[in-house]
>>> print(open('run25.cif').read())   # mmCIF, C-alpha atoms
data_protein
loop_
_atom_site.group_PDB
_atom_site.id
_atom_site.type_symbol
_atom_site.label_atom_id
_atom_site.label_comp_id
_atom_site.auth_asym_id
_atom_site.auth_seq_id
_atom_site.Cartn_x
_atom_site.Cartn_y
_atom_site.Cartn_z
ATOM 1 C CA GLY A 1 -152.448 109.467 35.778
ATOM 2 C CA GLU A 2 -150.757 111.354 32.998
ATOM 3 C CA ASN A 3 -152.646 111.935 29.748
ATOM 4 C CA VAL A 4 -151.021 113.247 26.575
ATOM 5 C CA GLU A 5 -153.077 114.620 23.701
ATOM 6 C CA GLN A 6 -151.541 115.154 20.265
ATOM 7 C CA HIS A 7 -152.778 117.145 17.267
ATOM 8 C CA PRO A 8 -153.218 116.919 14.378
ATOM 9 C CA SER A 9 -153.580 113.219 13.667
ATOM 10 C CA THR A 10 -152.567 113.751 10.033
ATOM 11 C CA LEU A 11 -150.608 116.566 8.417
ATOM 12 C CA SER A 12 -149.770 117.051 4.758
ATOM 13 C CA VAL A 13 -147.257 119.703 3.672
ATOM 14 C CA GLN A 14 -145.396 120.606 0.521
ATOM 15 C CA GLU A 15 -141.675 119.932 0.416
ATOM 16 C CA GLY A 16 -139.819 122.935 1.823
ATOM 17 C CA ASP A 17 -142.721 124.081 4.024
ATOM 18 C CA SER A 18 -142.707 123.924 7.806
ATOM 19 C CA ALA A 19 -144.663 121.429 9.918
ATOM 20 C CA VAL A 20 -145.854 121.893 13.492
ATOM 21 C CA ILE A 21 -147.220 119.189 15.776
ATOM 22 C CA LYS A 22 -148.679 120.064 19.165
ATOM 23 C CA CYS A 23 -149.101 118.102 22.388
ATOM 24 C CA THR A 24 -150.669 118.860 25.740
ATOM 25 C CA TYR A 25 -150.111 116.983 28.980
ATOM 26 C CA SER A 26 -152.144 116.793 32.150
ATOM 27 C CA ASP A 27 -149.670 116.096 34.967
ATOM 28 C CA SER A 28 -147.821 119.238 36.045
ATOM 29 C CA ALA A 29 -145.123 117.022 37.609
ATOM 30 C CA SER A 30 -144.005 115.806 34.159
ATOM 31 C CA ASN A 31 -140.574 117.187 33.337
ATOM 32 C CA TYR A 32 -139.232 115.287 30.338
ATOM 33 C CA PHE A 33 -140.751 115.457 26.849
ATOM 34 C CA PRO A 34 -139.259 113.344 24.049
ATOM 35 C CA TRP A 35 -140.346 113.097 20.431
ATOM 36 C CA TYR A 36 -140.089 109.852 18.487
ATOM 37 C CA LYS A 37 -140.214 109.282 14.735
ATOM 38 C CA GLN A 38 -141.523 106.022 13.331
ATOM 39 C CA GLU A 39 -141.097 105.232 9.662
ATOM 40 C CA LEU A 40 -143.443 102.735 8.058
ATOM 41 C CA GLY A 41 -142.801 99.238 9.387
ATOM 42 C CA LYS A 42 -139.938 100.390 11.614
ATOM 43 C CA ARG A 43 -139.393 100.919 15.312
ATOM 44 C CA PRO A 44 -139.839 104.337 16.977
ATOM 45 C CA GLN A 45 -136.599 106.310 17.316
ATOM 46 C CA LEU A 46 -135.870 109.372 19.421
ATOM 47 C CA ILE A 47 -135.313 112.531 17.373
ATOM 48 C CA ILE A 48 -135.263 115.247 20.030
ATOM 49 C CA ASP A 49 -136.206 115.768 23.665
ATOM 50 C CA ILE A 50 -136.610 118.658 26.068
ATOM 51 C CA ARG A 51 -136.483 118.960 29.830
ATOM 52 C CA SER A 52 -138.715 121.218 31.861
ATOM 53 C CA ASN A 53 -135.967 123.652 32.780
ATOM 54 C CA VAL A 54 -135.587 124.637 29.110
ATOM 55 C CA GLY A 55 -138.091 126.516 26.930
ATOM 56 C CA GLU A 56 -136.724 125.606 23.513
ATOM 57 C CA LYS A 57 -134.239 123.221 21.946
ATOM 58 C CA LYS A 58 -133.019 123.031 18.343
ATOM 59 C CA ASP A 59 -131.222 120.389 16.322
ATOM 60 C CA GLN A 60 -130.687 121.430 12.714
ATOM 61 C CA ARG A 61 -134.159 121.531 11.066
ATOM 62 C CA ILE A 62 -135.970 120.269 14.166
ATOM 63 C CA ALA A 63 -136.960 122.288 17.215
ATOM 64 C CA VAL A 64 -139.123 121.688 20.248
ATOM 65 C CA THR A 65 -140.752 124.340 22.413
ATOM 66 C CA LEU A 66 -142.218 123.887 25.879
ATOM 67 C CA ASN A 67 -144.753 126.026 27.732
ATOM 68 C CA LYS A 68 -144.912 124.685 31.294
ATOM 69 C CA THR A 69 -147.617 127.111 32.382
ATOM 70 C CA ALA A 70 -149.989 125.999 29.647
ATOM 71 C CA LYS A 71 -148.719 122.398 29.799
ATOM 72 C CA HIS A 72 -148.079 122.073 26.109
ATOM 73 C CA PHE A 73 -145.099 121.408 23.875
ATOM 74 C CA SER A 74 -144.627 121.446 20.134
ATOM 75 C CA LEU A 75 -142.390 119.956 17.450
ATOM 76 C CA HIS A 76 -141.330 122.224 14.602
ATOM 77 C CA ILE A 77 -139.771 120.888 11.413
ATOM 78 C CA THR A 78 -138.500 123.449 8.934
ATOM 79 C CA GLU A 79 -137.629 122.970 5.245
ATOM 80 C CA THR A 80 -139.409 119.640 5.187
ATOM 81 C CA GLN A 81 -138.110 116.890 2.930
ATOM 82 C CA PRO A 82 -139.786 113.696 1.651
ATOM 83 C CA GLU A 83 -137.695 111.648 4.103
ATOM 84 C CA ASP A 84 -139.429 113.484 6.952
ATOM 85 C CA SER A 85 -142.604 111.562 6.063
ATOM 86 C CA ALA A 86 -143.371 109.321 9.050
ATOM 87 C CA VAL A 87 -145.499 109.055 12.184
ATOM 88 C CA TYR A 88 -144.346 111.325 14.998
ATOM 89 C CA PHE A 89 -145.132 110.638 18.652
ATOM 90 C CA CYS A 90 -144.788 112.977 21.588
ATOM 91 C CA ALA A 91 -144.431 111.638 25.124
ATOM 92 C CA ALA A 92 -144.224 112.853 28.699
ATOM 93 C CA SER A 93 -142.459 111.499 31.754
ATOM 94 C CA LYS A 94 -141.912 112.399 35.379
ATOM 95 C CA GLY A 95 -138.139 112.222 35.561
ATOM 96 C CA GLY A 96 -136.423 111.131 38.713
ATOM 97 C CA GLY A 97 -136.756 108.000 40.769
ATOM 98 C CA ALA A 98 -136.044 104.639 39.224
ATOM 99 C CA THR A 99 -138.599 104.539 36.448
ATOM 100 C CA ASN A 100 -138.449 105.992 32.954
ATOM 101 C CA LYS A 101 -142.171 105.599 32.376
ATOM 102 C CA LEU A 102 -143.276 107.344 29.189
ATOM 103 C CA ILE A 103 -146.883 108.156 28.297
ATOM 104 C CA PHE A 104 -147.280 108.680 24.559
ATOM 105 C CA GLY A 105 -149.619 110.759 22.449
ATOM 106 C CA THR A 106 -151.631 109.069 19.710
ATOM 107 C CA GLY A 107 -149.284 110.083 16.896
ATOM 108 C CA THR A 108 -149.261 112.380 13.854
ATOM 109 C CA LEU A 109 -148.869 111.022 10.344
ATOM 110 C CA LEU A 110 -146.789 113.582 8.440
ATOM 111 C CA ALA A 111 -146.798 113.385 4.651
ATOM 112 C CA VAL A 112 -144.354 115.609 2.778
ATOM 113 C CA GLN A 113 -145.434 116.022 -0.827
ATOM 114 C CA PRO A 114 -142.568 116.463 -3.330
ATOM 115 C CA ASN B 115 -124.049 95.647 20.230
ATOM 116 C CA ALA B 116 -127.286 94.087 19.044
ATOM 117 C CA GLY B 117 -129.307 96.658 21.023
ATOM 118 C CA VAL B 118 -132.873 95.523 21.764
ATOM 119 C CA THR B 119 -133.967 92.308 20.085
ATOM 120 C CA GLN B 120 -137.415 90.727 19.922
ATOM 121 C CA THR B 121 -138.650 87.343 18.791
ATOM 122 C CA PRO B 122 -140.695 86.302 16.952
ATOM 123 C CA LYS B 123 -141.256 88.992 14.303
ATOM 124 C CA PHE B 124 -144.682 87.630 13.382
ATOM 125 C CA GLN B 125 -147.073 85.294 15.186
ATOM 126 C CA VAL B 126 -150.590 84.019 14.572
ATOM 127 C CA LEU B 127 -152.499 82.513 17.488
ATOM 128 C CA LYS B 128 -155.926 81.061 17.987
ATOM 129 C CA THR B 129 -158.179 82.407 20.713
ATOM 130 C CA GLY B 130 -157.279 80.824 24.050
ATOM 131 C CA GLN B 131 -153.710 79.872 23.135
ATOM 132 C CA SER B 132 -150.810 81.087 25.225
ATOM 133 C CA MET B 133 -147.418 82.322 24.139
ATOM 134 C CA THR B 134 -144.393 84.309 25.233
ATOM 135 C CA LEU B 135 -142.903 87.250 23.372
ATOM 136 C CA GLN B 136 -139.181 87.460 23.969
ATOM 137 C CA CYS B 137 -137.197 90.656 24.526
ATOM 138 C CA ALA B 138 -133.490 91.000 25.248
ATOM 139 C CA GLN B 139 -131.033 93.890 25.441
ATOM 140 C CA ASP B 140 -127.260 93.978 25.688
ATOM 141 C CA MET B 141 -126.796 97.581 26.825
ATOM 142 C CA ASN B 142 -126.954 96.836 30.568
ATOM 143 C CA HIS B 143 -130.098 98.942 30.868
ATOM 144 C CA GLU B 144 -131.958 98.720 34.170
ATOM 145 C CA TYR B 145 -135.321 99.862 32.805
ATOM 146 C CA MET B 146 -137.310 97.743 30.364
ATOM 147 C CA SER B 147 -140.886 98.068 29.185
ATOM 148 C CA TRP B 148 -143.502 96.626 26.856
ATOM 149 C CA TYR B 149 -145.841 98.681 24.669
ATOM 150 C CA ARG B 150 -148.602 97.756 22.303
ATOM 151 C CA GLN B 151 -149.314 99.840 19.222
ATOM 152 C CA ASP B 152 -152.762 99.969 17.692
ATOM 153 C CA PRO B 153 -153.988 102.257 14.870
ATOM 154 C CA GLY B 154 -155.010 105.640 16.232
ATOM 155 C CA MET B 155 -154.047 104.682 19.794
ATOM 156 C CA GLY B 156 -150.356 105.432 19.864
ATOM 157 C CA LEU B 157 -148.040 103.402 22.073
ATOM 158 C CA ARG B 158 -149.625 102.177 25.288
ATOM 159 C CA LEU B 159 -147.543 100.904 28.184
ATOM 160 C CA ILE B 160 -148.354 97.333 29.260
ATOM 161 C CA HIS B 161 -145.769 96.500 31.940
ATOM 162 C CA TYR B 162 -142.388 97.808 32.962
ATOM 163 C CA SER B 163 -139.422 96.848 35.123
ATOM 164 C CA VAL B 164 -136.777 98.936 36.886
ATOM 165 C CA GLY B 165 -134.448 96.010 37.484
ATOM 166 C CA ALA B 166 -134.183 92.268 37.952
ATOM 167 C CA GLY B 167 -136.940 90.984 40.207
ATOM 168 C CA ILE B 168 -139.006 94.187 39.994
ATOM 169 C CA THR B 169 -142.003 94.658 37.702
ATOM 170 C CA ASP B 170 -145.038 96.934 37.672
ATOM 171 C CA GLN B 171 -148.187 97.538 35.662
ATOM 172 C CA GLY B 172 -148.592 100.161 32.998
ATOM 173 C CA GLU B 173 -151.732 101.560 31.355
ATOM 174 C CA VAL B 174 -153.099 98.327 29.842
ATOM 175 C CA PRO B 175 -151.812 95.314 31.848
ATOM 176 C CA ASN B 176 -154.849 93.014 31.747
ATOM 177 C CA GLY B 177 -154.231 89.708 29.971
ATOM 178 C CA TYR B 178 -150.439 89.984 30.154
ATOM 179 C CA ASN B 179 -147.801 88.792 32.608
ATOM 180 C CA VAL B 180 -144.123 89.666 32.840
ATOM 181 C CA SER B 181 -141.107 88.628 34.861
ATOM 182 C CA ARG B 182 -137.544 89.921 35.062
ATOM 183 C CA SER B 183 -135.111 87.287 36.253
ATOM 184 C CA THR B 184 -132.061 88.876 34.594
ATOM 185 C CA THR B 185 -131.048 92.392 33.572
ATOM 186 C CA GLU B 186 -130.970 91.347 29.916
ATOM 187 C CA ASP B 187 -134.347 89.626 29.422
ATOM 188 C CA PHE B 188 -137.929 90.776 29.834
ATOM 189 C CA PRO B 189 -140.456 88.309 28.371
ATOM 190 C CA LEU B 190 -144.136 89.124 27.933
ATOM 191 C CA ARG B 191 -146.620 86.297 28.406
ATOM 192 C CA LEU B 192 -150.126 86.099 26.993
ATOM 193 C CA LEU B 193 -151.941 83.566 29.147
ATOM 194 C CA SER B 194 -155.093 83.096 27.037
ATOM 195 C CA ALA B 195 -154.965 85.086 23.808
ATOM 196 C CA ALA B 196 -158.004 87.108 22.723
ATOM 197 C CA PRO B 197 -158.702 88.872 19.389
ATOM 198 C CA SER B 198 -158.437 92.201 21.263
ATOM 199 C CA GLN B 199 -154.743 91.436 21.763
ATOM 200 C CA THR B 200 -154.082 91.602 18.035
ATOM 201 C CA SER B 201 -151.480 94.351 17.856
ATOM 202 C CA VAL B 202 -147.847 95.228 17.274
ATOM 203 C CA TYR B 203 -145.796 94.798 20.431
ATOM 204 C CA PHE B 204 -142.648 96.777 21.127
ATOM 205 C CA CYS B 205 -140.121 96.220 23.851
ATOM 206 C CA ALA B 206 -137.943 99.144 24.954
ATOM 207 C CA SER B 207 -135.042 99.672 27.335
ATOM 208 C CA SER B 208 -133.132 102.548 28.885
ATOM 209 C CA TYR B 209 -131.025 103.510 31.855
ATOM 210 C CA LYS B 210 -133.233 103.979 34.887
ATOM 211 C CA GLY B 211 -134.431 107.340 36.064
ATOM 212 C CA GLY B 212 -136.349 109.807 33.980
ATOM 213 C CA ARG B 213 -135.000 111.713 30.993
ATOM 214 C CA ASN B 214 -133.143 108.805 29.455
ATOM 215 C CA GLU B 215 -133.594 107.801 25.824
ATOM 216 C CA GLN B 216 -135.613 104.634 25.396
ATOM 217 C CA PHE B 217 -134.387 102.271 22.694
ATOM 218 C CA PHE B 218 -137.033 100.199 20.989
ATOM 219 C CA GLY B 219 -136.864 96.695 19.590
ATOM 220 C CA PRO B 220 -138.036 95.907 16.034
ATOM 221 C CA GLY B 221 -141.505 94.789 17.195
ATOM 222 C CA THR B 222 -143.626 91.647 17.064
ATOM 223 C CA ARG B 223 -146.784 91.641 14.944
ATOM 224 C CA LEU B 224 -149.332 89.408 16.666
ATOM 225 C CA THR B 225 -152.631 88.288 15.178
ATOM 226 C CA VAL B 226 -155.189 86.434 17.292
ATOM 227 C CA LEU B 227 -157.905 84.659 15.326
#
>>> encode(input="run25.cif", output="structure tokens")
Amino acid sequence: GENVEQHPSTLSVQEGDSAVIKCTYSDSASNYFPWYKQELGKRPQLIIDIRSNVGEKKDQRIAVTLNKTAKHFSLHITETQPEDSAVYFCAASKGGGATNKLIFGTGTLLAVQP
Amino acid sequence: NAGVTQTPKFQVLKTGQSMTLQCAQDMNHEYMSWYRQDPGMGLRLIHYSVGAGITDQGEVPNGYNVSRSTTEDFPLRLLSAAPSQTSVYFCASSYKGGRNEQFFGPGTRLTVL
């Protein structure tokens, strides 16, 4: 089955710096890659996603890149702010069919130091 | 819309007890799923359902049962709780088919003594 690896497990940056989190997946049939943000004590919430027919997607300070050949995708956060501090999870899914089965990475704890 | 709701928020059980975690959604989503979240392990899929009457196993199904009698509800049953089931449990729902945003409930923190 699908396996998703995520690195680093913890990341500390200064406010205003950029942060990059990387994930690799094992199943070449995966074609949907969402990123979720989970603040302390809260539920995970989708922040951005990318489909396999696209190499990059941006939403304000957040961007995701996908390299299908290497089977890895990355989350980029620019101009980090203290409210970006949270745990970030990547996930992979084989879109199509009836299921929406997501396999998650183990998470990255991002700390933005003011 | 209430979105995805879960009850209870907190629960303490003794080893061997049984209980049901409740999950409901009011968005008419076909797909519902249960995850457990443990430190350093991310979110692991327990069971999922693509519609009423249809369920399937995820990555870590042992010790858990589910049923889906209605579109709205997807309860998770622990038949005989074990300390290894101490975790935070999240229910999620979405429209069926891949590439659809999954909406998570607020979670249930379960401790098994």
>>> closest_atom_pairs(input="run25.cif", of="chain A", to="chain B", cutoff="10 Å", atoms="all atoms listed in the file", output="tab-separated table")
residue	atom	partner	partner_atom	distance
A:Gly1	CA	B:Glu173	CA	9.1
A:Glu2	CA	B:Glu173	CA	10.0
A:Gln6	CA	B:Gly156	CA	9.8
A:Ser9	CA	B:Gly154	CA	8.1
A:Ser30	CA	B:Gly212	CA	9.7
A:Asn31	CA	B:Arg213	CA	8.2
A:Tyr32	CA	B:Arg213	CA	5.6
A:Phe33	CA	B:Arg213	CA	8.0
A:Pro34	CA	B:Glu215	CA	8.1
A:Tyr36	CA	B:Gln216	CA	9.7
A:Gly41	CA	B:Pro220	CA	8.8
A:Lys42	CA	B:Pro220	CA	6.6
A:Arg43	CA	B:Pro220	CA	5.2
A:Pro44	CA	B:Phe218	CA	6.4
A:Gln45	CA	B:Phe217	CA	7.1
A:Leu46	CA	B:Glu215	CA	7.0
A:Ile47	CA	B:Glu215	CA	9.8
A:Ile48	CA	B:Glu215	CA	9.6
A:Asp49	CA	B:Arg213	CA	8.5
A:Ile50	CA	B:Arg213	CA	8.7
A:Arg51	CA	B:Arg213	CA	7.5
A:Val87	CA	B:Gly156	CA	9.8
A:Tyr88	CA	B:Gly156	CA	9.7
A:Phe89	CA	B:Gly156	CA	7.5
A:Cys90	CA	B:Gly156	CA	9.5
A:Ala91	CA	B:Leu157	CA	9.5
A:Ala92	CA	B:Arg213	CA	9.6
A:Ser93	CA	B:Gly212	CA	6.7
A:Lys94	CA	B:Gly212	CA	6.3
A:Gly95	CA	B:Gly212	CA	3.4
A:Gly96	CA	B:Gly212	CA	4.9
A:Gly97	CA	B:Gly211	CA	5.3
A:Ala98	CA	B:Gly211	CA	4.5
A:Thr99	CA	B:Gly211	CA	5.0
A:Asn100	CA	B:Gly212	CA	4.5
A:Lys101	CA	B:Gly212	CA	7.4
A:Leu102	CA	B:Leu159	CA	7.8
A:Ile103	CA	B:Arg158	CA	7.2
A:Phe104	CA	B:Leu157	CA	5.9
A:Gly105	CA	B:Gly156	CA	6.0
A:Thr106	CA	B:Gly156	CA	3.9
A:Gly107	CA	B:Gly156	CA	5.6
A:Thr108	CA	B:Gly154	CA	9.2
>>> residues_around(input="run25.cif", residues="Gln14 (chain A)", least_positions_apart="2", cutoff="10 Å", atoms="all atoms listed in the file", output="PyMOL selection string")
chain A and resi 12+16-19+79-82+111-114
>>> write_last_selection(input="run25.cif", atoms="C-alpha atoms", output="mmCIF file, in the frame of the given file")
data_model
loop_
_atom_site.group_PDB
_atom_site.id
_atom_site.type_symbol
_atom_site.label_atom_id
_atom_site.label_comp_id
_atom_site.auth_asym_id
_atom_site.auth_seq_id
_atom_site.Cartn_x
_atom_site.Cartn_y
_atom_site.Cartn_z
ATOM 1 C CA SER A 12 -149.770 117.051 4.758
ATOM 2 C CA GLY A 16 -139.819 122.935 1.823
ATOM 3 C CA ASP A 17 -142.721 124.081 4.024
ATOM 4 C CA SER A 18 -142.707 123.924 7.806
ATOM 5 C CA ALA A 19 -144.663 121.429 9.918
ATOM 6 C CA GLU A 79 -137.629 122.970 5.245
ATOM 7 C CA THR A 80 -139.409 119.640 5.187
ATOM 8 C CA GLN A 81 -138.110 116.890 2.930
ATOM 9 C CA PRO A 82 -139.786 113.696 1.651
ATOM 10 C CA ALA A 111 -146.798 113.385 4.651
ATOM 11 C CA VAL A 112 -144.354 115.609 2.778
ATOM 12 C CA GLN A 113 -145.434 116.022 -0.827
ATOM 13 C CA PRO A 114 -142.568 116.463 -3.330
#
>>> atom_distance(input="run25.cif", atom1="CA of Thr24 (chain A)", atom2="CA of Asn176 (chain B)")
26.9 Å
>>> atom_distance(input="run25.cif", atom1="CA of Lys37 (chain A)", atom2="CA of Leu192 (chain B)")
28.0 Å
>>> resolve_selection(input="run25.cif", expression="the PyMOL selection byres ((chain A and resi 55) around 9)", output="PyMOL selection string")
chain A and resi 50-54+56-57+64-68
>>> atom_distance(input="run25.cif", atom1="CA of Arg61 (chain A)", atom2="CA of Ile77 (chain A)")
5.7 Å
>>> resolve_selection(input="run25.cif", expression="the PyMOL selection byres ((chain B and resi 225) around 8)", output="VMD selection string")
chain B and resid 125 to 127 197 199 to 201 223 to 224 226 to 227
>>> residues_around(input="run25.cif", residues="His7 (chain A)", least_positions_apart="6", cutoff="7 Å", atoms="all atoms listed in the file", output="JSON, numbers by chain")
{"A": [21, 22, 23, 108]}
>>> residues_around(input="run25.cif", residues="Tyr203 (chain B)", least_positions_apart="2", cutoff="6 Å", atoms="only C-alpha atoms", output="VMD selection string")
chain B and resid 149 to 150 221 to 222
>>> closest_residue(input="run25.cif", among="B:Asn142, B:Gln120, B:Asn115, B:Gln131", to="Ala196 (chain B)", atoms="only C-alpha atoms")
B:Gln131
>>> closest_residue(input="run25.cif", among="B:Met133, B:Phe188, B:Ala166, B:Ile160", to="Thr119 (chain B)", atoms="only C-alpha atoms")
B:Phe188
>>> residues_around(input="run25.cif", residues="Tyr178 (chain B)", least_positions_apart="2", cutoff="7 Å", atoms="only C-alpha atoms", output="number ranges by chain")
B: 175-176, 180, 190-193
>>> resolve_selection(input="run25.cif", expression="the PyMOL selection byres ((chain B and resi 140) around 9)", output="list in words")
Asn115, Ala116, Gly117, Val118, Thr119, Ala138, Gln139, Met141, Asn142, His143, Thr185 and Glu186 of chain B
>>> closest_residue(input="run25.cif", among="B:Thr121, B:Thr129, B:Ser198, B:Thr134", to="Asn179 (chain B)", atoms="only C-alpha atoms")
B:Thr134
>>> axis_aligned_box(input="run25.cif", around="region 168-180 of chain B", padding_each_side="5 Å", output="AutoDock Vina command-line options")
--center_x -146.9 --center_y 95.2 --center_z 34.9 --size_x 25.8 --size_y 22.8 --size_z 20.2
>>> closest_residue(input="run25.cif", among="A:Asp27, A:Asp84, A:Glu5, A:Glu15", to="Thr69 (chain A)", atoms="all atoms listed in the file")
A:Asp27
>>> decode(input="run25.cif", residues="region 16-30 of chain A", atoms="N, CA, C and O atoms", output="CSV table (one decimal), in the first residue's frame")
chain,number,residue,atom,x,y,z
A,16,GLY,N,9.5,35.8,9.4
A,16,GLY,CA,9.9,36.5,8.2
A,16,GLY,C,10.7,35.5,7.3
A,16,GLY,O,10.8,35.8,6.0
A,17,ASP,N,11.3,34.5,7.8
A,17,ASP,CA,12.0,33.5,7.0
A,17,ASP,C,11.0,32.6,6.3
A,17,ASP,O,9.8,32.6,6.5
A,18,SER,N,11.6,31.8,5.4
A,18,SER,CA,10.8,30.8,4.7
A,18,SER,C,10.9,29.4,5.4
A,18,SER,O,11.9,29.2,6.0
A,19,ALA,N,9.9,28.6,5.2
A,19,ALA,CA,9.9,27.2,5.7
A,19,ALA,C,9.6,26.3,4.6
A,19,ALA,O,8.7,26.6,3.8
A,20,VAL,N,10.3,25.1,4.6
A,20,VAL,CA,10.0,24.1,3.5
A,20,VAL,C,9.9,22.8,4.2
A,20,VAL,O,10.7,22.4,5.0
A,21,ILE,N,8.8,22.1,3.9
A,21,ILE,CA,8.5,20.7,4.4
A,21,ILE,C,8.4,19.8,3.2
A,21,ILE,O,7.7,20.1,2.2
A,22,LYS,N,9.1,18.6,3.3
A,22,LYS,CA,9.1,17.7,2.1
A,22,LYS,C,8.5,16.4,2.4
A,22,LYS,O,8.6,15.9,3.6
A,23,CYS,N,7.8,15.8,1.4
A,23,CYS,CA,7.2,14.5,1.5
A,23,CYS,C,7.5,13.7,0.3
A,23,CYS,O,7.6,14.2,-0.8
A,24,THR,N,7.7,12.4,0.5
A,24,THR,CA,7.8,11.4,-0.6
A,24,THR,C,6.7,10.4,-0.4
A,24,THR,O,6.3,10.1,0.7
A,25,TYR,N,6.3,9.9,-1.6
A,25,TYR,CA,5.2,8.8,-1.6
A,25,TYR,C,5.7,7.6,-2.4
A,25,TYR,O,6.6,7.8,-3.2
A,26,SER,N,5.1,6.5,-2.1
A,26,SER,CA,5.6,5.3,-2.7
A,26,SER,C,4.8,4.8,-3.9
A,26,SER,O,5.3,4.2,-4.8
A,27,ASP,N,3.5,5.1,-3.9
A,27,ASP,CA,2.6,4.6,-5.0
A,27,ASP,C,2.5,5.5,-6.1
A,27,ASP,O,2.0,6.6,-6.0
A,28,SER,N,3.0,5.2,-7.3
A,28,SER,CA,3.0,6.0,-8.5
A,28,SER,C,1.6,6.3,-9.0
A,28,SER,O,1.4,7.2,-9.8
A,29,ALA,N,0.6,5.6,-8.5
A,29,ALA,CA,-0.8,5.8,-8.9
A,29,ALA,C,-1.4,7.0,-8.1
A,29,ALA,O,-2.5,7.5,-8.5
A,30,SER,N,-0.8,7.4,-7.1
A,30,SER,CA,-1.3,8.5,-6.3
A,30,SER,C,-1.4,9.8,-7.1
A,30,SER,O,-0.4,10.1,-7.9
